[in-house]
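Text of the file input-v9.txt, holding compact mmCIF, C-alpha atoms:
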```
# COMPACT_ATOMS: atom_id res chain seq x y z
CA MET A 1109 10.89 14.53 41.75
CA ALA A 1110 8.08 16.94 42.49
CA THR A 1111 5.57 17.82 39.82
CA ILE A 1112 2.85 20.37 39.28
CA THR A 1113 -0.22 19.65 37.19
CA VAL A 1114 -1.08 22.19 34.51
CA GLU A 1115 -3.96 21.61 32.10
CA GLY A 1116 -3.72 17.91 32.81
CA LYS A 1117 0.02 17.74 32.14
CA GLU A 1118 2.48 16.65 34.82
CA ILE A 1119 5.39 19.09 34.84
CA GLU A 1120 8.59 18.38 36.75
CA VAL A 1121 9.90 20.99 39.18
CA ASP A 1122 12.88 20.96 41.53
CA GLU A 1123 12.71 21.19 45.33
CA GLU A 1124 12.36 24.99 45.13
CA GLY A 1125 9.62 24.87 42.50
CA TYR A 1126 11.73 25.82 39.45
CA LEU A 1127 11.13 24.00 36.17
CA VAL A 1128 13.49 21.09 35.56
CA ASP A 1129 13.07 21.31 31.79
CA LEU A 1130 12.96 24.97 30.73
CA SER A 1131 11.37 24.07 27.41
CA ALA A 1132 8.34 22.59 29.24
CA TRP A 1133 7.06 26.13 29.95
CA PHE A 1134 3.82 27.58 28.59
CA PRO A 1135 1.84 30.53 29.98
CA ALA A 1136 -0.50 28.38 32.07
CA VAL A 1137 2.55 27.06 33.95
CA ALA A 1138 3.19 30.60 35.23
CA SER A 1139 -0.48 30.94 36.22
CA GLU A 1140 -0.38 27.65 38.13
CA MET A 1141 2.85 28.57 39.95
CA ALA A 1142 1.33 31.93 40.86
CA LYS A 1143 -1.74 30.18 42.27
CA ILE A 1144 0.49 27.98 44.43
CA ASP A 1145 2.33 31.09 45.69
CA GLU A 1146 -0.97 32.97 46.15
CA VAL A 1147 -0.05 35.70 43.69
CA GLU A 1148 -2.87 37.21 41.63
CA MET A 1149 -1.49 37.55 38.10
CA GLY A 1150 -2.25 40.76 36.19
CA ASP A 1151 -0.90 42.44 33.07
CA ASP A 1152 1.92 44.01 35.08
CA HIS A 1153 3.09 40.56 36.18
CA TRP A 1154 2.98 39.29 32.62
CA ASP A 1155 5.03 42.27 31.40
CA ILE A 1156 7.84 41.25 33.74
CA ILE A 1157 7.53 37.55 32.94
CA ASN A 1158 7.63 38.19 29.21
CA PHE A 1159 10.55 40.53 29.70
CA LEU A 1160 12.47 37.85 31.63
CA ARG A 1161 11.81 35.24 28.97
CA GLU A 1162 13.10 37.60 26.26
CA TYR A 1163 16.16 38.39 28.36
CA TYR A 1164 16.91 34.71 28.84
CA GLU A 1165 16.41 34.02 25.14
CA GLU A 1166 18.98 36.67 24.28
CA TYR A 1167 21.61 36.19 26.99
CA GLN A 1168 21.04 32.62 28.23
CA ILE A 1169 21.08 33.80 31.84
CA ALA A 1170 18.46 34.80 34.39
CA PRO A 1171 19.34 38.35 35.43
CA ALA A 1172 20.11 39.35 39.01
CA VAL A 1173 17.55 41.69 40.63
CA ARG A 1174 19.73 44.76 40.18
CA VAL A 1175 20.16 44.00 36.49
CA LEU A 1176 16.47 43.26 36.07
CA THR A 1177 15.51 46.54 37.75
CA LYS A 1178 17.79 48.56 35.52
CA ALA A 1179 16.68 46.78 32.35
CA VAL A 1180 12.98 47.13 33.21
CA ALA A 1181 13.50 50.85 33.84
CA LYS A 1182 14.96 51.19 30.40
CA LYS A 1183 12.28 49.15 28.63
CA LEU A 1184 9.09 49.82 30.63
CA GLY A 1185 9.91 53.12 32.32
CA LYS A 1186 11.35 54.32 35.63
CA GLU A 1187 8.04 53.92 37.53
CA LYS A 1188 8.27 50.16 36.90
CA GLY A 1189 12.04 49.83 37.03
CA ASN A 1190 12.42 50.07 40.78
CA SER A 1191 12.61 47.34 43.37
CA LYS A 1192 9.60 48.56 45.38
CA TYR A 1193 7.31 48.11 42.38
CA LEU A 1194 8.83 44.74 41.49
CA TYR A 1195 8.62 43.44 45.07
CA GLU A 1196 4.95 44.46 45.19
CA LEU A 1197 4.31 42.31 42.14
CA PHE A 1198 6.49 39.43 43.32
CA PRO A 1199 6.65 39.48 47.12
CA TYR A 1200 9.19 36.63 47.32
CA GLY A 1201 11.61 38.62 45.18
CA PRO A 1202 11.45 39.65 41.53
CA GLY A 1203 14.58 37.62 40.85
CA LYS A 1204 13.58 34.37 42.48
CA GLN A 1205 9.82 34.37 42.11
CA ALA A 1206 9.39 36.02 38.71
CA CYS A 1207 12.13 33.84 37.22
CA LYS A 1208 10.37 30.80 38.63
CA PHE A 1209 7.04 31.80 37.08
CA ALA A 1210 8.82 32.56 33.80
CA GLY A 1211 10.25 29.05 33.70
CA LEU A 1212 13.84 30.28 34.07
CA PRO A 1213 16.50 28.88 36.38
CA LYS A 1214 17.11 30.60 39.70
CA PRO A 1215 19.09 33.75 38.92
CA THR A 1216 22.83 33.52 39.23
CA GLY A 1217 23.83 35.40 42.35
CA CYS A 1218 20.60 34.79 44.25
CA VAL A 1219 21.30 33.10 47.56
CA MET B 266 27.94 47.73 58.61
CA SER B 267 30.53 49.09 56.26
CA GLU B 268 30.33 48.00 52.66
CA ALA B 269 33.77 46.85 51.68
CA ILE B 270 34.28 46.95 47.95
CA LYS B 271 37.21 44.91 46.76
CA LYS B 272 38.91 44.78 43.42
CA PHE B 273 38.33 41.33 41.94
CA MET B 274 40.12 40.27 38.79
CA PHE B 275 39.08 37.06 37.05
CA VAL B 276 41.76 35.72 34.74
CA ASN B 277 40.38 33.43 32.06
CA THR B 278 43.03 31.25 30.48
CA LYS B 279 41.09 28.24 29.13
CA ALA B 280 39.23 27.66 25.89
CA PRO B 281 35.45 27.25 26.24
CA TYR B 282 33.49 23.99 25.65
CA GLY B 283 36.38 21.49 25.93
CA THR B 284 36.43 21.95 29.70
CA VAL B 285 33.94 23.54 32.08
CA TYR B 286 36.33 26.21 33.45
CA ALA B 287 35.05 29.06 31.24
CA LEU B 288 31.39 28.52 32.10
CA GLU B 289 32.09 28.08 35.82
CA SER B 290 34.20 31.22 35.90
CA LEU B 291 31.41 33.20 34.24
CA GLU B 292 28.98 32.04 36.95
CA VAL B 293 31.33 33.17 39.70
CA VAL B 294 31.83 36.50 37.93
CA LEU B 295 28.08 37.15 37.80
CA ILE B 296 27.67 36.20 41.46
CA THR B 297 30.52 38.47 42.48
CA ALA B 298 29.07 41.38 40.51
CA ALA B 299 25.68 40.88 42.17
CA PHE B 300 27.43 41.80 45.44
CA ASP B 301 28.51 45.18 44.05
CA GLN B 302 32.20 44.48 43.86
CA ASP B 303 34.71 46.08 41.50
CA VAL B 304 35.09 43.31 38.93
CA SER B 305 37.41 43.12 35.96
CA LEU B 306 38.05 40.24 33.58
CA VAL B 307 41.15 39.17 31.72
CA PHE B 308 41.13 36.98 28.63
CA CYS B 309 44.58 35.61 27.96
CA ASP B 310 46.15 32.41 26.62
CA ASP B 311 43.33 30.17 25.31
CA GLY B 312 40.88 32.28 27.32
CA VAL B 313 40.65 34.63 24.33
CA PHE B 314 38.56 31.96 22.58
CA GLN B 315 35.82 32.39 25.22
CA ILE B 316 34.78 35.65 23.57
CA SER B 317 35.47 34.81 19.93
CA ASN B 318 32.89 36.04 17.43
CA ASN B 319 30.28 33.91 15.69
CA GLN B 320 30.28 30.90 18.02
CA ASN B 321 27.82 28.46 16.48
CA THR B 322 26.91 25.34 18.45
CA GLU B 323 24.17 24.14 16.14
CA ALA B 324 26.11 21.13 14.85
CA SER B 325 27.80 20.20 18.13
CA GLY B 326 24.58 20.56 20.12
CA MET B 327 26.33 22.23 23.06
CA LYS B 328 24.84 25.16 24.97
CA ASN B 329 26.18 28.34 23.40
CA PHE B 330 26.91 30.51 26.40
CA SER B 331 28.80 33.22 24.52
CA ASN B 332 25.75 35.54 24.56
CA ALA B 333 25.98 35.69 28.34
CA TYR B 334 29.18 37.75 27.99
CA LYS B 335 27.02 40.39 26.29
CA ALA B 336 25.10 40.77 29.56
CA LEU B 337 28.25 41.67 31.52
CA GLY B 338 27.63 45.36 30.77
CA ASP B 339 24.23 45.11 32.51
CA TYR B 340 26.11 43.83 35.57
CA ASP B 341 28.38 46.91 35.48
CA ILE B 342 31.30 44.77 34.43
CA ASN B 343 32.98 46.92 31.83
CA LYS B 344 36.69 46.29 32.26
CA LEU B 345 37.46 43.39 29.96
CA TYR B 346 41.16 43.09 29.19
CA VAL B 347 42.29 41.03 26.21
CA GLU B 348 45.98 40.19 25.98
CA LYS B 349 47.54 41.28 22.71
CA GLU B 350 50.25 38.62 22.62
CA SER B 351 47.71 35.83 23.20
CA LEU B 352 45.72 36.97 20.17
CA GLU B 353 48.85 37.15 18.02
CA GLU B 354 50.06 33.67 18.99
CA ARG B 355 46.69 32.31 17.85
CA GLY B 356 46.54 34.18 14.55
CA LEU B 357 43.72 36.39 15.85
CA THR B 358 42.97 40.11 15.98
CA LEU B 359 40.30 42.14 17.78
CA ASP B 360 38.12 41.51 14.69
CA ASN B 361 37.75 37.91 15.92
CA ILE B 362 36.56 39.09 19.34
CA MET B 363 32.95 39.94 20.23
CA ASP B 364 32.12 43.62 20.30
CA LEU B 365 31.19 43.77 24.01
CA THR B 366 29.82 47.05 25.30
CA TYR B 367 28.20 48.68 28.32
CA GLU B 368 25.91 51.66 28.77
CA ASP B 369 27.08 54.60 30.84
CA ASP B 370 24.77 56.60 33.14
CA ASP B 371 23.28 58.41 30.14
CA TRP B 372 22.67 55.06 28.37
CA ALA B 373 25.35 55.79 25.80
CA GLU B 374 27.04 52.65 24.51
CA LYS B 375 30.76 52.34 25.28
CA PRO B 376 33.25 49.56 24.46
CA SER B 377 34.16 47.24 27.34
CA ILE B 378 37.07 45.50 25.62
CA LYS B 379 40.56 46.85 26.11
CA LEU B 380 43.57 45.42 24.32
CA VAL B 381 46.54 45.24 26.69
CA THR B 382 50.07 43.90 26.51
CA ARG B 383 51.50 41.21 28.78
CA ALA B 384 53.49 43.85 30.65
CA GLU B 385 50.43 46.03 31.18
CA LEU B 386 48.53 43.00 32.49
CA ALA B 387 51.21 42.37 35.08
CA ASP B 388 50.69 45.91 36.38
CA LEU B 389 46.91 45.54 36.38
CA MET B 390 47.12 42.28 38.34
CA ASP B 391 49.45 43.89 40.82
CA ASP B 392 46.80 46.49 41.55
CA GLN B 393 44.05 44.02 42.64
CA ASP B 394 42.80 42.85 46.03
CA LEU B 395 41.97 39.41 44.60
CA VAL B 396 43.08 37.65 41.44
CA ILE B 397 41.19 34.47 40.55
CA SER B 398 42.52 32.39 37.67
CA SER B 399 40.84 29.60 35.81
CA MET C 985 46.66 0.18 6.83
CA ALA C 986 47.44 3.52 8.38
CA MET C 987 46.74 4.83 11.85
CA LEU C 988 44.25 7.57 12.75
CA HIS C 989 45.42 9.92 15.48
CA THR C 990 42.95 12.11 17.34
CA VAL C 991 44.02 15.14 19.35
CA ASN C 992 41.59 16.95 21.68
CA LYS C 993 43.69 19.47 23.63
CA SER C 994 44.67 22.98 22.60
CA PRO C 995 48.25 23.05 21.27
CA PHE C 996 48.70 26.42 23.03
CA GLU C 997 48.15 24.79 26.38
CA ARG C 998 49.35 21.19 26.10
CA ASN C 999 52.04 19.38 24.21
CA SER C 1000 49.82 16.59 22.85
CA LEU C 1001 49.61 17.91 19.28
CA ASN C 1002 53.37 18.21 19.21
CA SER C 1003 53.78 14.66 20.56
CA CYS C 1004 51.35 13.39 17.95
CA LEU C 1005 53.13 15.22 15.11
CA THR C 1006 56.51 13.81 16.11
CA LYS C 1007 55.27 10.25 16.68
CA SER C 1008 52.93 9.76 13.74
CA LYS C 1009 54.17 8.13 10.55
CA GLU C 1010 53.99 9.41 7.00
CA GLY C 1011 50.68 8.55 5.39
CA SER C 1012 48.83 8.43 8.68
CA SER C 1013 45.90 10.69 9.51
CA ILE C 1014 45.46 13.26 12.25
CA LEU C 1015 42.03 14.51 13.32
CA LEU C 1016 41.74 17.59 15.51
CA ILE C 1017 38.65 17.61 17.76
CA GLU C 1018 37.31 19.57 20.77
CA ASP C 1019 39.79 22.21 22.04
CA ALA C 1020 42.44 21.02 19.55
CA VAL C 1021 40.56 22.49 16.58
CA VAL C 1022 42.01 25.96 17.23
CA GLY C 1023 45.40 24.53 16.28
CA ALA C 1024 44.17 24.45 12.67
CA LEU C 1025 43.80 28.26 12.47
CA LYS C 1026 45.94 30.31 10.11
CA GLY C 1027 48.77 32.45 11.44
CA THR C 1028 49.27 30.75 14.81
CA ILE C 1029 52.55 29.83 16.48
CA VAL C 1030 51.92 26.16 15.62
CA ALA C 1031 50.97 26.78 11.97
CA ASP C 1032 54.46 25.99 10.61
CA LYS C 1033 54.60 22.61 12.37
CA LEU C 1034 51.15 21.69 11.20
CA SER C 1035 51.85 22.85 7.65
CA ALA C 1036 54.90 20.59 7.61
CA ALA C 1037 52.72 17.68 8.70
CA ILE C 1038 50.18 18.39 5.95
CA ALA C 1039 52.90 17.68 3.37
CA ASN C 1040 53.01 13.95 4.17
CA LYS C 1041 50.04 13.23 6.48
CA ASN C 1042 46.31 13.71 6.17
CA VAL C 1043 45.13 16.36 8.59
CA TYR C 1044 41.43 16.80 9.42
CA VAL C 1045 39.42 19.01 11.73
CA LEU C 1046 35.95 18.34 13.13
CA GLY C 1047 33.80 21.12 11.63
CA SER C 1048 31.16 21.23 14.38
CA ASP C 1049 33.81 21.81 17.05
CA LEU C 1050 35.36 24.52 14.88
CA ASN C 1051 31.98 26.29 14.45
CA THR C 1052 31.27 26.00 18.16
CA ARG C 1053 34.39 28.06 18.86
CA GLY C 1054 33.47 30.74 16.32
CA PHE C 1055 35.45 29.64 13.26
CA THR C 1056 34.79 28.16 9.82
CA GLU C 1057 36.70 26.45 7.02
CA ALA C 1058 37.82 29.88 5.77
CA ASP C 1059 39.87 30.40 8.95
CA ILE C 1060 41.97 27.23 8.81
CA LEU C 1061 45.25 26.34 7.09
CA ASP C 1062 45.13 25.26 3.46
CA GLY C 1063 45.38 21.50 3.17
CA ILE C 1064 43.41 20.70 6.32
CA LYS C 1065 40.13 19.00 5.51
CA THR C 1066 36.94 19.58 7.49
CA VAL C 1067 34.81 16.58 8.43
CA ASP C 1068 31.41 16.24 10.13
CA TYR C 1069 30.40 13.51 12.60
CA ALA C 1070 29.69 11.05 9.77
CA GLY C 1071 33.13 11.83 8.33
CA PHE C 1072 34.66 11.16 11.74
CA VAL C 1073 33.01 7.73 11.75
CA ASP C 1074 34.26 7.04 8.21
CA LEU C 1075 37.81 7.95 9.22
CA VAL C 1076 37.67 5.54 12.16
CA ALA C 1077 36.35 2.79 9.89
CA GLU C 1078 38.93 3.43 7.17
CA HIS C 1079 41.96 3.24 9.45
CA SER C 1080 43.48 0.16 11.04
CA ASN C 1081 43.68 1.68 14.48
CA VAL C 1082 42.92 4.86 16.39
CA GLN C 1083 45.31 6.49 18.80
CA SER C 1084 43.90 9.22 21.06
CA TRP C 1085 46.39 11.85 22.20
CA LEU C 1086 44.91 13.23 25.43
```
Give the structure from this file in structure tokens form.
Amino acid sequence: MATITVEGKEIEVDEEGYLVDLSAWFPAVASEMAKIDEVEMGDDHWDIINFLREYYEEYQIAPAVRVLTKAVAKKLGKEKGNSKYLYELFPYGPGKQACKFAGLPKPTGCV
Amino acid sequence: MSEAIKKFMFVNTKAPYGTVYALESLEVVLITAAFDQDVSLVFCDDGVFQISNNQNTEASGMKNFSNAYKALGDYDINKLYVEKESLEERGLTLDNIMDLTYEDDDWAEKPSIKLVTRAELADLMDDQDLVISS
Amino acid sequence: MAMLHTVNKSPFERNSLNSCLTKSKEGSSILLIEDAVVGALKGTIVADKLSAAIANKNVYVLGSDLNTRGFTEADILDGIKTVDYAGFVDLVAEHSNVQSWL
């Protein structure tokens, strides 16, 4: 099993880099994953990551990109709720990459 | 490439938790919806228990996946048919069923649940491109 | 000493509750667990059969499995007792034998 090291803790991830134990997440885990993926984390990234974690808390699923886009538009405004903006933040896909940073499973429907 | 949209109907007939059918079906439903298909769901026989109100897994320690049905509206799945006779046989009414909704284009909340009879269901199934039962 | 019967399948889908009811003796105990707990609800098509059983057998339902499916003690037939996991263990210990109807 692969691991990443965050603040001295060994954290298990699967072969695609997603957390094995979702409860092992803390903010520095996202920062470390972003560093591995060469993504510079800013407030806009954290807005999406926090949003995803709240969504998962409520519905117990990681939303598909289309659903994420629509929900972000409603919560954070249309200028952020579009796939161009989200792909700029998370170049490997707002579904796959942002969910990974947020400690969620890979979204259902992502192939 | 032409985008072929098909009418998919998922017929849920099994109670949740005792077997994995309900959870697996929900996964397939979400995947199908992500591909922009016309998806409807049926809850009949013991499938009506999948969307019963107030599911509380605290004591059993199982994963409560009933909240995921509340996300169906976000996936544009808003045709959820509940069979009237199945409720009656189990001593249930719509009051025992979760109040599942979706938002229309103006973000107005609308009910997704429709109570249908066995005969109406037969007609609805007849109208589909694919019917997938579990 | 009497027998404890456990049933874990929905009576609306399988015949195991019915088999258990017809093959269990007076004074024995029946515990509904997992998907079988919905058989304990009021107003169902199996309520009459179960009510008849309550007259001369002890009928129990596992509360945690009932809660998991969205129901509580208020929703089940009068005369059916709710037990927790510890109560389940006690029932097993108190009876001479356990028969699982699958």
So that I can check the surroundings of Glu348 in chain B, please list as a short mmCIF file (atom, residue, chain, number, x, y, z; two decimals) with C-alpha atoms, in the coordinates of the input every protein, DNA and RNA residue that reaches within 10 Å of it, counting all atoms listed in the file and ignoring chain neighbours fewer than 4 positions away.
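That gives us around-v9.cif:
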```cif
data_model
loop_
_atom_site.label_atom_id
_atom_site.label_comp_id
_atom_site.auth_asym_id
_atom_site.auth_seq_id
_atom_site.Cartn_x
_atom_site.Cartn_y
_atom_site.Cartn_z
CA VAL B 307 41.15 39.17 31.72
CA PHE B 308 41.13 36.98 28.63
CA CYS B 309 44.58 35.61 27.96
CA ASP B 310 46.15 32.41 26.62
CA GLY B 312 40.88 32.28 27.32
CA VAL B 313 40.65 34.63 24.33
CA LEU B 352 45.72 36.97 20.17
CA GLU B 353 48.85 37.15 18.02
CA LYS B 379 40.56 46.85 26.11
CA LEU B 380 43.57 45.42 24.32
CA VAL B 381 46.54 45.24 26.69
CA THR B 382 50.07 43.90 26.51
CA ARG B 383 51.50 41.21 28.78
CA ALA B 384 53.49 43.85 30.65
CA GLU B 385 50.43 46.03 31.18
CA LEU B 386 48.53 43.00 32.49
#
```
Worksheet entry | Contact residues (chain B, partner chain A, 6 Å, only C-alpha atoms) as a list in words |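 On the chain B side, the interface is Ile296, Ala299, Asn332, Ala333 and Asp339 of chain B.
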Worksheet, complete the sentence: Using all atoms listed in the file, the residue out of B:Glu374, B:Asp301, B:Glu350, B:Asp369 with shortest distance to chain C is B:Glu350
Worksheet item: Around (43.3, 32.4, 27.0) in the file's frame, which residues reach within 12 Å when counting all atoms listed in the file? Return as a ChimeraX atom specification?
Response: /B:275-281,286-287,306-317,346-355,357,398-399 /C:994,996-997,1019,1022
Worksheet item: Rounded to one decimal in Å, what is the spacing between CA of Lys272 in chain B and CA of Ala336 in chain B?
Response: 20.0 Å
Discussion item. Restricting the calculation to all atoms listed in the file: of C:Thr990, C:Ser1013, C:Ser1048, C:Ser1080, which residue gets closest to chain B?
Written reply: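 Residue with the minimum atom-to-atom distance to chain B: C:Ser1048.
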Worksheet item: Which residues, written as a ChimeraX atom specification, have at least one atom at most 10 Å from Val1137 in chain A, with all atoms listed in the file counted and residues fewer than 3 positions away on the same chain left out?
Response: /A:1112-1115,1117,1119,1127,1132-1134,1140-1143,1208-1211
Selection above as a file: C-alpha atoms, as a PDB file, keeping the file's coordinate frame:
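Wrote part.pdb, looks like this:
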```pdb
ATOM      1  CA  ILE A1112       2.850  20.370  39.280  1.00  0.00           C
ATOM      2  CA  THR A1113      -0.220  19.650  37.190  1.00  0.00           C
ATOM      3  CA  VAL A1114      -1.080  22.190  34.510  1.00  0.00           C
ATOM      4  CA  GLU A1115      -3.960  21.610  32.100  1.00  0.00           C
ATOM      5  CA  LYS A1117       0.020  17.740  32.140  1.00  0.00           C
ATOM      6  CA  ILE A1119       5.390  19.090  34.840  1.00  0.00           C
ATOM      7  CA  LEU A1127      11.130  24.000  36.170  1.00  0.00           C
ATOM      8  CA  ALA A1132       8.340  22.590  29.240  1.00  0.00           C
ATOM      9  CA  TRP A1133       7.060  26.130  29.950  1.00  0.00           C
ATOM     10  CA  PHE A1134       3.820  27.580  28.590  1.00  0.00           C
ATOM     11  CA  GLU A1140      -0.380  27.650  38.130  1.00  0.00           C
ATOM     12  CA  MET A1141       2.850  28.570  39.950  1.00  0.00           C
ATOM     13  CA  ALA A1142       1.330  31.930  40.860  1.00  0.00           C
ATOM     14  CA  LYS A1143      -1.740  30.180  42.270  1.00  0.00           C
ATOM     15  CA  LYS A1208      10.370  30.800  38.630  1.00  0.00           C
ATOM     16  CA  PHE A1209       7.040  31.800  37.080  1.00  0.00           C
ATOM     17  CA  ALA A1210       8.820  32.560  33.800  1.00  0.00           C
ATOM     18  CA  GLY A1211      10.250  29.050  33.700  1.00  0.00           C
TER      19      GLY A1211
END
```
Discussion item. With all atoms listed in the file as the counted atoms, please give the residues lying no more than 8 Å from Cys1207 in chain A, apart from itself and same-chain residues fewer than 5 positions off, as a list in words.
Written reply: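 So the residues in contact are Ile1157, Leu1160, Ala1170, Pro1202, Leu1212, Pro1213, Lys1214 and Pro1215 of chain A.
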At a cut-off of 6 Å, which residues of chain C touch chain B? Count all atoms listed in the file and give the answer as a PDB file with C-alpha atoms, in the coordinates of the input.
```
ATOM      1  CA  GLU C1018      37.310  19.570  20.770  1.00  0.00           C
ATOM      2  CA  ASP C1019      39.790  22.210  22.040  1.00  0.00           C
ATOM      3  CA  LYS C1026      45.940  30.310  10.110  1.00  0.00           C
ATOM      4  CA  GLY C1027      48.770  32.450  11.440  1.00  0.00           C
ATOM      5  CA  THR C1028      49.270  30.750  14.810  1.00  0.00           C
ATOM      6  CA  ILE C1029      52.550  29.830  16.480  1.00  0.00           C
ATOM      7  CA  SER C1048      31.160  21.230  14.380  1.00  0.00           C
ATOM      8  CA  ASN C1051      31.980  26.290  14.450  1.00  0.00           C
ATOM      9  CA  THR C1052      31.270  26.000  18.160  1.00  0.00           C
ATOM     10  CA  ARG C1053      34.390  28.060  18.860  1.00  0.00           C
ATOM     11  CA  GLY C1054      33.470  30.740  16.320  1.00  0.00           C
TER      12      GLY C1054
END
```
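Shown here are all protein and nucleic acid residues lying within 12 Å of (27.3, 54.7, 32.7), with all atoms listed in the file considered: Lys1178 of chain A; Gly338, Asp339, Tyr340, Asp341, Ile342, Asn343, Thr366, Tyr367, Glu368, Asp369, Asp370, Asp371, Trp372, Ala373, Glu374, Lys375, Pro376 and Ser377 of chain B.
The space between CA of Gly1189 in chain A and CA of Met363 in chain B spans 28.6 Å.
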Worksheet item: Which residues come within 10 Å of Lys1188 in chain A, counting only C-alpha atoms, excluding same-chain residues fewer than 4 positions away, as a ChimeraX atom specification?
Response: /A:1152,1156,1177-1178,1180-1184,1192-1194
Response to the item:
Between CA of His989 in chain C and CA of Trp1085 in chain C lies a distance of 7.1 Å
